[in-house]
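K.L.:
Below you'll find data_37.txt; it's compact mmCIF, C-alpha atoms.
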# COMPACT_ATOMS: atom_id res chain seq x y z
CA MET F 68 169.33 -80.84 -310.94
CA LYS F 69 169.09 -82.75 -314.25
CA LYS F 70 169.86 -85.97 -312.44
CA ARG F 71 167.06 -85.26 -309.92
CA LEU F 72 164.55 -84.53 -312.72
CA PHE F 73 165.60 -87.72 -314.46
CA LEU F 74 165.02 -89.71 -311.27
CA LEU F 75 161.58 -88.13 -310.77
CA ALA F 76 160.60 -88.93 -314.35
CA ALA F 77 161.84 -92.49 -313.99
CA THR F 78 159.86 -92.88 -310.75
CA ALA F 79 156.71 -91.54 -312.41
CA LEU F 80 157.09 -93.92 -315.34
CA ALA F 81 157.61 -96.81 -312.94
CA MET F 82 154.42 -95.89 -311.06
CA ILE F 83 152.43 -95.66 -314.30
CA PHE F 84 153.80 -99.02 -315.41
CA THR F 85 152.86 -100.53 -312.04
CA VAL F 86 149.29 -99.18 -312.23
CA ASN F 87 148.95 -100.47 -315.81
CA ALA F 88 150.31 -103.85 -314.78
CA GLN F 89 147.89 -103.98 -311.86
CA GLY F 90 145.06 -102.99 -314.16
CA LEU F 91 145.84 -105.81 -316.56
CA ASN F 92 145.42 -108.30 -313.73
CA TYR F 93 141.75 -107.31 -313.51
CA CYS F 94 140.98 -107.81 -317.21
CA THR F 95 141.22 -111.59 -317.36
CA PRO F 96 138.58 -114.30 -317.83
CA GLU F 97 139.34 -115.63 -314.32
CA VAL F 98 138.93 -112.40 -312.38
CA ALA F 99 136.43 -112.71 -309.52
CA LEU F 100 133.69 -110.12 -309.19
CA GLU F 101 134.64 -109.47 -305.55
CA ASP F 102 138.23 -108.59 -306.47
CA LEU F 103 137.19 -106.46 -309.43
CA ALA F 104 134.52 -104.57 -307.46
CA THR F 105 136.97 -103.94 -304.61
CA TYR F 106 139.50 -102.48 -307.06
CA ILE F 107 136.86 -100.20 -308.61
CA ASP F 108 135.56 -99.04 -305.22
CA THR F 109 138.90 -98.42 -303.52
CA MET F 110 141.32 -97.19 -306.19
CA ARG F 111 141.51 -93.41 -306.51
CA ASN F 112 142.74 -93.57 -310.11
CA VAL F 113 141.08 -96.50 -311.83
CA GLU F 114 142.68 -97.66 -315.06
CA PRO F 115 140.31 -96.74 -317.96
CA SER F 116 140.67 -100.24 -319.40
CA VAL F 117 139.55 -101.79 -316.09
CA LYS F 118 136.65 -99.35 -315.77
CA MET F 119 135.43 -100.30 -319.25
CA PHE F 120 135.91 -104.01 -318.50
CA TYR F 121 133.90 -103.65 -315.28
CA SER F 122 131.15 -101.64 -316.98
CA ASN F 123 130.77 -104.21 -319.75
CA LEU F 124 130.64 -106.98 -317.15
CA VAL F 125 128.06 -105.60 -314.73
CA ASN F 126 125.87 -104.17 -317.49
CA ASN F 127 125.17 -107.60 -318.89
CA PRO F 128 121.40 -108.11 -318.55
CA THR F 129 122.05 -111.31 -316.59
CA HIS F 130 124.56 -109.89 -314.13
CA SER F 131 123.70 -110.15 -310.42
CA TYR F 132 124.09 -106.35 -310.12
CA ARG F 133 121.41 -105.86 -312.80
CA ILE F 134 119.13 -108.90 -313.05
CA GLU F 135 115.78 -108.38 -311.39
CA HIS F 136 113.47 -111.05 -310.03
CA LEU F 137 110.22 -109.96 -308.41
CA ASP F 138 111.74 -106.44 -308.28
CA LEU F 139 114.55 -107.58 -305.98
CA GLY F 140 118.13 -107.52 -307.20
CA PHE F 141 120.84 -109.94 -306.10
CA ASN F 142 123.32 -107.22 -305.00
CA GLY F 143 126.29 -108.63 -306.86
CA CYS F 144 126.20 -112.15 -305.43
CA THR F 145 127.99 -115.18 -306.86
CA GLY F 146 127.35 -118.90 -306.40
CA ARG F 147 123.98 -120.58 -305.90
CA VAL F 148 120.80 -118.89 -304.67
CA ASP F 149 117.86 -121.03 -303.54
CA GLU F 150 114.66 -119.02 -303.40
CA GLN F 151 111.20 -119.90 -302.13
CA VAL F 152 108.21 -117.68 -302.85
CA VAL F 153 105.14 -118.17 -300.66
CA MET F 154 102.07 -116.43 -302.05
CA ALA F 155 99.38 -114.87 -299.88
CA ASP F 156 97.10 -117.86 -300.57
CA GLY F 157 99.74 -120.25 -299.21
CA SER F 158 100.93 -121.64 -302.53
CA LYS F 159 104.70 -122.03 -302.95
CA ARG F 160 107.19 -121.68 -305.78
CA ASP F 161 110.81 -122.80 -305.61
CA ASN F 162 113.46 -121.14 -307.78
CA VAL F 163 117.20 -121.60 -308.17
CA PHE F 164 119.76 -119.16 -309.60
CA ILE F 165 123.41 -120.01 -310.24
CA PHE F 166 125.95 -117.21 -310.78
CA ASN F 167 129.59 -117.74 -311.79
CA PRO F 168 132.55 -116.05 -310.01
CA GLN F 169 132.08 -112.99 -312.25
CA GLY F 170 128.46 -112.61 -311.06
CA LEU F 171 126.95 -113.70 -314.38
CA LEU F 172 123.87 -115.92 -314.32
CA THR F 173 124.68 -119.33 -315.80
CA GLN F 174 121.43 -121.13 -314.98
CA SER F 175 117.99 -120.27 -313.65
CA THR F 176 115.19 -122.60 -312.62
CA ILE F 177 111.85 -120.79 -312.33
CA GLN F 178 108.68 -122.45 -311.10
CA GLY F 179 105.45 -121.15 -312.61
CA SER F 180 102.05 -120.78 -310.96
CA LYS F 181 101.02 -124.25 -312.19
CA GLY F 182 104.12 -125.93 -310.75
CA ARG F 183 105.97 -126.34 -314.02
CA LYS F 184 109.65 -125.43 -313.85
CA THR F 185 111.59 -123.73 -316.65
CA VAL F 186 115.35 -124.24 -316.71
CA THR F 187 117.37 -121.74 -318.75
CA ASN F 188 121.12 -121.95 -319.36
CA TYR F 189 123.23 -118.92 -320.27
CA THR F 190 126.60 -118.82 -322.03
CA TYR F 191 129.02 -115.93 -322.55
CA ALA F 192 131.73 -114.78 -324.92
CA PHE F 193 134.97 -113.23 -323.70
CA ASP F 194 137.26 -110.69 -325.36
CA ASP F 195 140.66 -109.71 -323.93
CA VAL F 196 139.81 -106.00 -324.24
CA LEU F 197 136.01 -105.77 -324.16
CA GLY F 198 135.45 -108.43 -321.51
CA TYR F 199 132.36 -110.60 -321.09
CA THR F 200 129.08 -110.37 -322.99
CA ILE F 201 126.06 -112.65 -323.08
CA LYS F 202 126.16 -115.01 -326.05
CA GLN F 203 123.15 -117.30 -325.74
CA SER F 204 120.22 -118.29 -323.55
CA LYS F 205 118.73 -121.71 -324.00
CA SER F 206 115.74 -123.43 -322.44
CA LYS F 207 113.95 -126.59 -323.55
CA ASN F 208 112.09 -125.00 -326.45
CA ILE F 209 113.69 -121.57 -326.88
CA THR F 210 117.22 -120.59 -327.90
CA ILE F 211 118.17 -116.93 -328.24
CA ASN F 212 121.51 -115.75 -329.64
CA TYR F 213 122.77 -112.27 -328.74
CA ALA F 214 125.00 -109.80 -330.56
CA PRO F 215 126.75 -106.94 -328.71
CA PHE F 216 127.42 -103.46 -330.12
CA TYR F 217 130.08 -101.17 -328.69
CA GLY F 218 130.43 -97.41 -328.73
CA GLU F 219 132.93 -94.80 -327.61
CA HIS F 220 135.70 -96.02 -325.28
CA GLY F 221 134.70 -99.64 -325.95
CA ARG F 222 131.61 -99.58 -323.73
CA ARG F 223 128.86 -101.95 -324.80
CA GLU F 224 125.86 -99.80 -325.69
CA SER F 225 123.45 -102.34 -327.15
CA ILE F 226 122.65 -106.03 -327.07
CA LYS F 227 120.37 -107.47 -329.72
CA GLY F 228 118.72 -110.87 -329.61
CA ASP F 229 117.83 -112.80 -332.76
CA ASN F 230 114.26 -113.06 -331.40
CA GLY F 231 113.81 -109.31 -331.91
CA SER F 232 114.62 -108.26 -328.35
CA ARG F 233 117.23 -105.62 -327.53
CA GLN F 234 118.70 -103.62 -324.69
CA ASP F 235 120.13 -100.14 -325.22
CA TYR F 236 122.38 -98.46 -322.64
CA THR F 237 123.04 -94.74 -322.08
CA PHE F 238 125.93 -93.49 -319.94
CA ASP F 239 126.58 -90.13 -318.28
CA GLU F 240 129.76 -88.06 -318.70
CA GLN F 241 131.50 -90.07 -315.96
CA GLY F 242 130.74 -93.32 -317.79
CA HIS F 243 128.07 -94.49 -315.33
CA LEU F 244 124.86 -96.11 -316.52
CA SER F 245 122.03 -93.57 -316.57
CA LYS F 246 119.38 -95.20 -318.75
CA LEU F 247 118.44 -98.66 -319.98
CA VAL F 248 115.78 -99.28 -322.62
CA ILE F 249 114.55 -102.86 -322.81
CA THR F 250 112.57 -103.77 -325.94
CA ASN F 251 110.78 -107.11 -326.12
CA PRO F 252 110.21 -109.06 -329.36
CA LYS F 253 106.79 -107.40 -329.80
CA GLY F 254 108.36 -103.93 -329.72
CA ASP F 255 107.09 -102.95 -326.27
CA LYS F 256 109.58 -100.85 -324.29
CA ARG F 257 110.53 -100.71 -320.65
CA ILE F 258 112.68 -97.73 -319.64
CA LEU F 259 114.80 -97.77 -316.49
CA LEU F 260 116.53 -94.63 -315.22
CA TYR F 261 119.54 -95.07 -312.94
CA LYS F 262 121.40 -93.04 -310.34
CA ASP F 263 124.52 -94.32 -308.56
CA GLY F 264 123.90 -97.77 -310.02
CA TYR F 265 120.32 -98.11 -308.75
CA VAL F 266 116.99 -97.83 -310.61
CA VAL F 267 115.20 -94.65 -309.55
CA ARG F 268 112.39 -94.55 -312.12
CA GLU F 269 110.71 -97.01 -314.44
CA GLU F 270 108.44 -96.24 -317.39
CA VAL F 271 106.32 -98.87 -319.11
CA GLY F 272 104.04 -97.40 -321.76
CA ALA F 273 101.95 -94.71 -320.02
CA ARG F 274 102.75 -96.08 -316.56
CA ALA F 275 105.53 -94.67 -314.37
CA PHE F 276 107.09 -96.03 -311.16
CA ARG F 277 109.39 -94.38 -308.62
CA TYR F 278 111.83 -96.54 -306.64
CA HIS F 279 112.76 -95.85 -303.01
CA TYR F 280 115.66 -97.31 -301.05
CA ASP F 281 117.07 -97.65 -297.57
CA PHE F 282 120.83 -97.22 -297.15
CA ASP F 283 122.60 -99.71 -294.89
CA THR F 284 125.76 -98.22 -293.40
CA ALA F 285 127.17 -101.62 -292.40
CA THR F 286 127.25 -102.97 -295.97
CA GLY F 287 127.34 -99.68 -297.89
CA LYS F 288 124.46 -100.87 -300.07
CA LYS F 289 120.95 -99.67 -300.76
CA PHE F 290 117.93 -101.90 -300.34
CA LEU F 291 114.58 -101.49 -302.05
CA ILE F 292 111.79 -100.52 -299.67
CA ALA F 293 109.04 -99.23 -302.00
CA ILE F 294 107.95 -98.85 -305.61
CA LYS F 295 105.29 -96.19 -306.11
CA GLU F 296 103.13 -96.20 -309.24
CA LEU F 297 102.40 -92.66 -310.38
CA LYS F 298 99.61 -90.97 -312.27
CA GLY F 299 101.00 -87.54 -312.93
CA SER F 300 102.38 -86.56 -309.53
CA ASP F 301 99.88 -88.66 -307.56
CA VAL F 302 100.68 -92.09 -306.12
CA ILE F 303 97.96 -94.54 -307.12
CA HIS F 304 99.58 -97.78 -305.92
CA GLU F 305 102.49 -98.60 -303.65
CA ARG F 306 104.38 -101.87 -303.37
CA THR F 307 106.45 -102.10 -300.21
CA PHE F 308 109.30 -104.44 -299.20
CA ASP F 309 110.05 -105.40 -295.61
CA TYR F 310 113.37 -107.22 -295.70
CA LYS F 311 116.12 -108.94 -293.77
CA ILE F 312 119.72 -109.13 -295.00
CA ASP F 313 122.80 -111.14 -294.11
CA THR F 314 126.29 -109.84 -293.27
CA HIS F 315 127.16 -109.75 -296.99
CA GLY F 316 124.25 -107.44 -297.79
CA ARG F 317 122.09 -110.06 -299.47
CA TYR F 318 118.31 -110.42 -299.07
CA THR F 319 117.41 -113.42 -296.92
CA LYS F 320 113.71 -112.71 -296.35
CA VAL F 321 111.36 -110.18 -297.92
CA ASP F 322 107.66 -109.52 -297.33
CA VAL F 323 106.13 -107.90 -300.42
CA SER F 324 102.87 -105.97 -299.99
CA LEU F 325 100.68 -104.02 -302.39
CA ASP F 326 98.75 -101.09 -300.93
CA GLY F 327 99.27 -102.52 -297.45
CA LYS F 328 98.10 -106.06 -298.30
CA LEU F 329 100.66 -108.89 -298.21
CA GLN F 330 101.24 -110.42 -301.64
CA MET F 331 104.12 -112.82 -301.02
CA THR F 332 107.09 -113.69 -298.83
CA ILE F 333 110.44 -114.46 -300.44
CA THR F 334 113.21 -116.33 -298.65
CA ARG F 335 116.70 -116.85 -300.10
CA SER F 336 119.69 -118.94 -299.06
CA TYR F 337 123.17 -118.66 -300.55
CA SER F 338 126.03 -121.06 -301.15
CA ASP F 339 129.34 -120.64 -302.98
How does the structure come out when it is put into structure tokens?
P.N.:
Amino acid sequence: MKKRLFLLAATALAMIFTVNAQGLNYCTPEVALEDLATYIDTMRNVEPSVKMFYSNLVNNPTHSYRIEHLDLGFNGCTGRVDEQVVMADGSKRDNVFIFNPQGLLTQSTIQGSKGRKTVTNYTYAFDDVLGYTIKQSKSKNITINYAPFYGEHGRRESIKGDNGSRQDYTFDEQGHLSKLVITNPKGDKRILLYKDGYVVREEVGARAFRYHYDFDTATGKKFLIAIKELKGSDVIHERTFDYKIDTHGRYTKVDVSLDGKLQMTITRSYSD
């Protein structure tokens, strides 16, 4: 009997060691977002260290799971994204986004309404335990340095820029992001409320917006279909999104309308 108990204990220890060893493989500077996300989504018992590492990674403000451009996220893509925006008046703007294998934005090229393009480069710091965090953004005339602040369990709960900007994160009891407060250098706040990783409500000053999604069973992802601006409980404006996606669940074409009138059409192409 004692021998059997000893064997069971030894087996349990071996399993724990194996899980820990597997977990360590996902907390490296080379880990690909696809591998890390698959581990998080499929493992029944996720190592706490990996969960924290993943949370700190995807909750970077420049991560493809979080970064927003014209209200459309990038759904965790990596590599290069070429984007063309055609306005209702026929004018065009060409943008480029480059994400590294971890899904972090390393360079963006944004074309303004007057044709001028702004190129911004992003760099990151890495810690063996805490993972990746944004370190600096630099364009031709503006350089911003960022400092992270960590709370309980090592989760990053705030990022402060030396230009006066900051982002503050709130997590629920399960460790999932529930609220993000973005403060610009002037002190104006934008509040985003999350559920299951997606924005469900946005508050900017006295204005409030409710986000609506369509769930795609083939990809297991949600896609934005409408943002409704509220005044009390009444909808005063509605922006709608008519989209096409590829087999990886990435937007390839989106028609954006405001109150039924087409505003712009966005097309995106992807390359590794």
K.L.:
Pick out the residues sitting within 12 Å of Ser122 of chain F, and hand them over as a PDB file with C-alpha atoms, keeping the file's coordinate frame; count all atoms listed in the file, and ignore anything fewer than 5 positions along from it in its own chain.
P.N.:
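And here is the file that came out, around_14.pdb:
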ATOM      1  CA  CYS F  94     140.980-107.810-317.210  1.00  0.00           C
ATOM      2  CA  LEU F 100     133.690-110.120-309.190  1.00  0.00           C
ATOM      3  CA  LEU F 103     137.190-106.460-309.430  1.00  0.00           C
ATOM      4  CA  ALA F 104     134.520-104.570-307.460  1.00  0.00           C
ATOM      5  CA  ILE F 107     136.860-100.200-308.610  1.00  0.00           C
ATOM      6  CA  PRO F 115     140.310 -96.740-317.960  1.00  0.00           C
ATOM      7  CA  SER F 116     140.670-100.240-319.400  1.00  0.00           C
ATOM      8  CA  VAL F 117     139.550-101.790-316.090  1.00  0.00           C
ATOM      9  CA  ASN F 127     125.170-107.600-318.890  1.00  0.00           C
ATOM     10  CA  PRO F 128     121.400-108.110-318.550  1.00  0.00           C
ATOM     11  CA  HIS F 130     124.560-109.890-314.130  1.00  0.00           C
ATOM     12  CA  TYR F 132     124.090-106.350-310.120  1.00  0.00           C
ATOM     13  CA  ARG F 133     121.410-105.860-312.800  1.00  0.00           C
ATOM     14  CA  LEU F 197     136.010-105.770-324.160  1.00  0.00           C
ATOM     15  CA  GLY F 198     135.450-108.430-321.510  1.00  0.00           C
ATOM     16  CA  TYR F 199     132.360-110.600-321.090  1.00  0.00           C
ATOM     17  CA  THR F 200     129.080-110.370-322.990  1.00  0.00           C
ATOM     18  CA  TYR F 217     130.080-101.170-328.690  1.00  0.00           C
ATOM     19  CA  HIS F 220     135.700 -96.020-325.280  1.00  0.00           C
ATOM     20  CA  GLY F 221     134.700 -99.640-325.950  1.00  0.00           C
ATOM     21  CA  ARG F 222     131.610 -99.580-323.730  1.00  0.00           C
ATOM     22  CA  ARG F 223     128.860-101.950-324.800  1.00  0.00           C
ATOM     23  CA  GLU F 224     125.860 -99.800-325.690  1.00  0.00           C
ATOM     24  CA  TYR F 236     122.380 -98.460-322.640  1.00  0.00           C
ATOM     25  CA  THR F 237     123.040 -94.740-322.080  1.00  0.00           C
ATOM     26  CA  PHE F 238     125.930 -93.490-319.940  1.00  0.00           C
ATOM     27  CA  GLN F 241     131.500 -90.070-315.960  1.00  0.00           C
ATOM     28  CA  GLY F 242     130.740 -93.320-317.790  1.00  0.00           C
ATOM     29  CA  HIS F 243     128.070 -94.490-315.330  1.00  0.00           C
ATOM     30  CA  LEU F 244     124.860 -96.110-316.520  1.00  0.00           C
ATOM     31  CA  GLY F 264     123.900 -97.770-310.020  1.00  0.00           C
TER      32      GLY F 264
END
K.L.:
Using all atoms listed in the file, which of F:Ile258, F:Leu171, F:Ile177, F:Val248 sits nearest Ile201 of chain F?
P.N.:
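Looking at the shortest contact to Ile201 of chain F, the residue is F:Leu171.
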K.L.:
So which one's closest to Thr319 of chain F, F:Ser300, F:Ser336, F:Thr145, F:Ser225? Using only C-alpha atoms, please.
P.N.:
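Of the candidates, the smallest distance to Thr319 of chain F is held by F:Ser336.
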K.L.:
Using all atoms listed in the file, determine which residues lie at most 10 Å from Gly157 of chain F, disregarding the query and same-chain residues fewer than 4 positions distant; provide the list as a short mmCIF file (atom, residue, chain, number, x, y, z; two decimals) with C-alpha atoms, keeping the file's coordinate frame.
P.N.:
data_model
loop_
_atom_site.label_atom_id
_atom_site.label_comp_id
_atom_site.auth_asym_id
_atom_site.auth_seq_id
_atom_site.Cartn_x
_atom_site.Cartn_y
_atom_site.Cartn_z
CA VAL F 152 108.21 -117.68 -302.85
CA VAL F 153 105.14 -118.17 -300.66
CA MET F 331 104.12 -112.82 -301.02
CA THR F 332 107.09 -113.69 -298.83
#
K.L.:
Quick one: everything within 9 Å of Lys262 of chain F, counting all atoms listed in the file, minus sequence neighbours fewer than 3 positions away in the same chain. Send it as a ChimeraX atom specification.
P.N.:
/F:243-246,265-267
K.L.:
Which of these, F:Asp149, F:Glu114, F:Asp309, F:Glu97, has the shortest distance to Gln169 of chain F once you count only C-alpha atoms?
P.N.:
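The answer is F:Glu97, which sits nearest to Gln169 of chain F.
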K.L.:
Need the shell around Arg274 of chain F: protein/DNA/RNA residues with any atom at most 10 Å away, counting all atoms listed in the file. Skip same-chain ones fewer than 3 positions apart. Format as a ChimeraX atom specification?
P.N.:
/F:257,269-271,296-299
K.L.:
Kindly indicate which residue among F:Glu240, F:Phe276, F:Pro168, F:Thr187 lies nearest to Glu219 of chain F, using only C-alpha atoms for the distances.
P.N.:
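Checking each of F:Glu240, F:Phe276, F:Pro168, F:Thr187 against Glu219 of chain F, counting only C-alpha atoms, the winner is F:Glu240.
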K.L.:
Let me make sure I understand: among F:Lys159, F:Lys256, F:Arg335, F:Lys328, which one has the smallest atom-to-atom distance to Arg233 of chain F if we use all atoms listed in the file?
P.N.:
F:Lys256
K.L.:
Distance atom CA of Thr173 of chain F-atom CA of Leu139 of chain F, one decimal place?
P.N.:
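Those two atoms sit 18.4 Å apart.
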K.L.:
To one decimal place, how far is atom CA of Ala214 of chain F from atom CA of Asp235 of chain F in Å?
P.N.:
12.1 Å
K.L.:
Any idea what the distance is between atom CA of Gly182 of chain F and atom CA of Ser204 of chain F?
P.N.:
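Atom CA of Ser204 of chain F lies 21.9 Å from atom CA of Gly182 of chain F.
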K.L.:
With only C-alpha atoms as the atoms that count, which of F:Thr190, F:Ser158, F:Thr129, F:Gln330 lies nearest to Leu172 of chain F?
P.N.:
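The closest residue to Leu172 of chain F is F:Thr129.
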K.L.:
Excluding Val321 of chain F and its own-chain neighbours fewer than 2 positions away, which residues fall within 12 Å of it when counting all atoms listed in the file? Please give them as number ranges by chain.
P.N.:
F: 137-140, 150-154, 290-293, 307-312, 317-319, 323-324, 329-335
K.L.:
Is it possible to add N, CA, C and O atoms to segment 144-165 of chain F and hand it back as a PDB file, in the coordinates of the input?
P.N.:
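Written output follows (part14.pdb):
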ATOM      1  N   CYS F 144     125.806-110.877-306.023  1.00  0.00           N
ATOM      2  CA  CYS F 144     126.200-112.150-305.430  1.00  0.00           C
ATOM      3  C   CYS F 144     126.780-113.094-306.474  1.00  0.00           C
ATOM      4  O   CYS F 144     126.606-112.909-307.680  1.00  0.00           O
ATOM      5  N   THR F 145     127.495-114.101-306.020  1.00  0.00           N
ATOM      6  CA  THR F 145     127.990-115.180-306.860  1.00  0.00           C
ATOM      7  C   THR F 145     127.581-116.495-306.209  1.00  0.00           C
ATOM      8  O   THR F 145     127.144-116.521-305.057  1.00  0.00           O
ATOM      9  N   GLY F 146     127.727-117.601-306.941  1.00  0.00           N
ATOM     10  CA  GLY F 146     127.350-118.900-306.400  1.00  0.00           C
ATOM     11  C   GLY F 146     125.879-119.211-306.604  1.00  0.00           C
ATOM     12  O   GLY F 146     125.224-118.655-307.484  1.00  0.00           O
ATOM     13  N   ARG F 147     125.347-120.088-305.767  1.00  0.00           N
ATOM     14  CA  ARG F 147     123.980-120.580-305.900  1.00  0.00           C
ATOM     15  C   ARG F 147     123.028-119.853-304.955  1.00  0.00           C
ATOM     16  O   ARG F 147     123.363-119.617-303.786  1.00  0.00           O
ATOM     17  N   VAL F 148     121.852-119.507-305.479  1.00  0.00           N
ATOM     18  CA  VAL F 148     120.800-118.890-304.670  1.00  0.00           C
ATOM     19  C   VAL F 148     119.554-119.757-304.755  1.00  0.00           C
ATOM     20  O   VAL F 148     119.013-119.981-305.838  1.00  0.00           O
ATOM     21  N   ASP F 149     119.118-120.281-303.606  1.00  0.00           N
ATOM     22  CA  ASP F 149     117.860-121.030-303.540  1.00  0.00           C
ATOM     23  C   ASP F 149     116.792-120.082-303.007  1.00  0.00           C
ATOM     24  O   ASP F 149     116.962-119.472-301.950  1.00  0.00           O
ATOM     25  N   GLU F 150     115.705-119.988-303.739  1.00  0.00           N
ATOM     26  CA  GLU F 150     114.660-119.020-303.400  1.00  0.00           C
ATOM     27  C   GLU F 150     113.315-119.725-303.308  1.00  0.00           C
ATOM     28  O   GLU F 150     112.952-120.519-304.183  1.00  0.00           O
ATOM     29  N   GLN F 151     112.576-119.417-302.250  1.00  0.00           N
ATOM     30  CA  GLN F 151     111.200-119.900-302.130  1.00  0.00           C
ATOM     31  C   GLN F 151     110.263-118.699-302.028  1.00  0.00           C
ATOM     32  O   GLN F 151     110.489-117.780-301.242  1.00  0.00           O
ATOM     33  N   VAL F 152     109.217-118.739-302.839  1.00  0.00           N
ATOM     34  CA  VAL F 152     108.210-117.680-302.850  1.00  0.00           C
ATOM     35  C   VAL F 152     106.911-118.271-302.325  1.00  0.00           C
ATOM     36  O   VAL F 152     106.381-119.230-302.904  1.00  0.00           O
ATOM     37  N   VAL F 153     106.406-117.729-301.223  1.00  0.00           N
ATOM     38  CA  VAL F 153     105.140-118.170-300.660  1.00  0.00           C
ATOM     39  C   VAL F 153     104.110-117.084-300.914  1.00  0.00           C
ATOM     40  O   VAL F 153     104.238-115.962-300.413  1.00  0.00           O
ATOM     41  N   MET F 154     103.098-117.405-301.706  1.00  0.00           N
ATOM     42  CA  MET F 154     102.070-116.430-302.050  1.00  0.00           C
ATOM     43  C   MET F 154     101.102-116.246-300.883  1.00  0.00           C
ATOM     44  O   MET F 154     101.066-117.053-299.942  1.00  0.00           O
ATOM     45  N   ALA F 155     100.314-115.191-300.960  1.00  0.00           N
ATOM     46  CA  ALA F 155      99.380-114.870-299.880  1.00  0.00           C
ATOM     47  C   ALA F 155      98.367-115.986-299.654  1.00  0.00           C
ATOM     48  O   ALA F 155      97.877-116.174-298.529  1.00  0.00           O
ATOM     49  N   ASP F 156      98.055-116.765-300.698  1.00  0.00           N
ATOM     50  CA  ASP F 156      97.100-117.860-300.570  1.00  0.00           C
ATOM     51  C   ASP F 156      97.735-119.144-300.042  1.00  0.00           C
ATOM     52  O   ASP F 156      97.083-120.182-299.931  1.00  0.00           O
ATOM     53  N   GLY F 157      99.050-119.099-299.753  1.00  0.00           N
ATOM     54  CA  GLY F 157      99.740-120.250-299.210  1.00  0.00           C
ATOM     55  C   GLY F 157     100.462-121.106-300.228  1.00  0.00           C
ATOM     56  O   GLY F 157     101.238-122.000-299.856  1.00  0.00           O
ATOM     57  N   SER F 158     100.236-120.866-301.502  1.00  0.00           N
ATOM     58  CA  SER F 158     100.930-121.640-302.530  1.00  0.00           C
ATOM     59  C   SER F 158     102.408-121.260-302.567  1.00  0.00           C
ATOM     60  O   SER F 158     102.787-120.142-302.218  1.00  0.00           O
ATOM     61  N   LYS F 159     103.253-122.228-302.989  1.00  0.00           N
ATOM     62  CA  LYS F 159     104.700-122.030-302.950  1.00  0.00           C
ATOM     63  C   LYS F 159     105.325-122.250-304.314  1.00  0.00           C
ATOM     64  O   LYS F 159     104.856-123.071-305.101  1.00  0.00           O
ATOM     65  N   ARG F 160     106.413-121.509-304.561  1.00  0.00           N
ATOM     66  CA  ARG F 160     107.190-121.680-305.780  1.00  0.00           C
ATOM     67  C   ARG F 160     108.672-121.686-305.392  1.00  0.00           C
ATOM     68  O   ARG F 160     109.122-120.826-304.635  1.00  0.00           O
ATOM     69  N   ASP F 161     109.389-122.661-305.918  1.00  0.00           N
ATOM     70  CA  ASP F 161     110.810-122.800-305.610  1.00  0.00           C
ATOM     71  C   ASP F 161     111.649-122.480-306.846  1.00  0.00           C
ATOM     72  O   ASP F 161     111.435-123.070-307.917  1.00  0.00           O
ATOM     73  N   ASN F 162     112.596-121.570-306.689  1.00  0.00           N
ATOM     74  CA  ASN F 162     113.460-121.140-307.780  1.00  0.00           C
ATOM     75  C   ASN F 162     114.921-121.309-307.403  1.00  0.00           C
ATOM     76  O   ASN F 162     115.270-121.267-306.216  1.00  0.00           O
ATOM     77  N   VAL F 163     115.767-121.484-308.398  1.00  0.00           N
ATOM     78  CA  VAL F 163     117.200-121.600-308.170  1.00  0.00           C
ATOM     79  C   VAL F 163     117.937-120.738-309.190  1.00  0.00           C
ATOM     80  O   VAL F 163     117.597-120.759-310.385  1.00  0.00           O
ATOM     81  N   PHE F 164     118.934-119.986-308.727  1.00  0.00           N
ATOM     82  CA  PHE F 164     119.760-119.160-309.600  1.00  0.00           C
ATOM     83  C   PHE F 164     121.227-119.506-309.332  1.00  0.00           C
ATOM     84  O   PHE F 164     121.640-119.585-308.175  1.00  0.00           O
ATOM     85  N   ILE F 165     121.998-119.699-310.390  1.00  0.00           N
ATOM     86  CA  ILE F 165     123.410-120.010-310.240  1.00  0.00           C
ATOM     87  C   ILE F 165     124.235-118.956-310.978  1.00  0.00           C
ATOM     88  O   ILE F 165     124.071-118.766-312.193  1.00  0.00           O
TER      89      ILE F 165
END
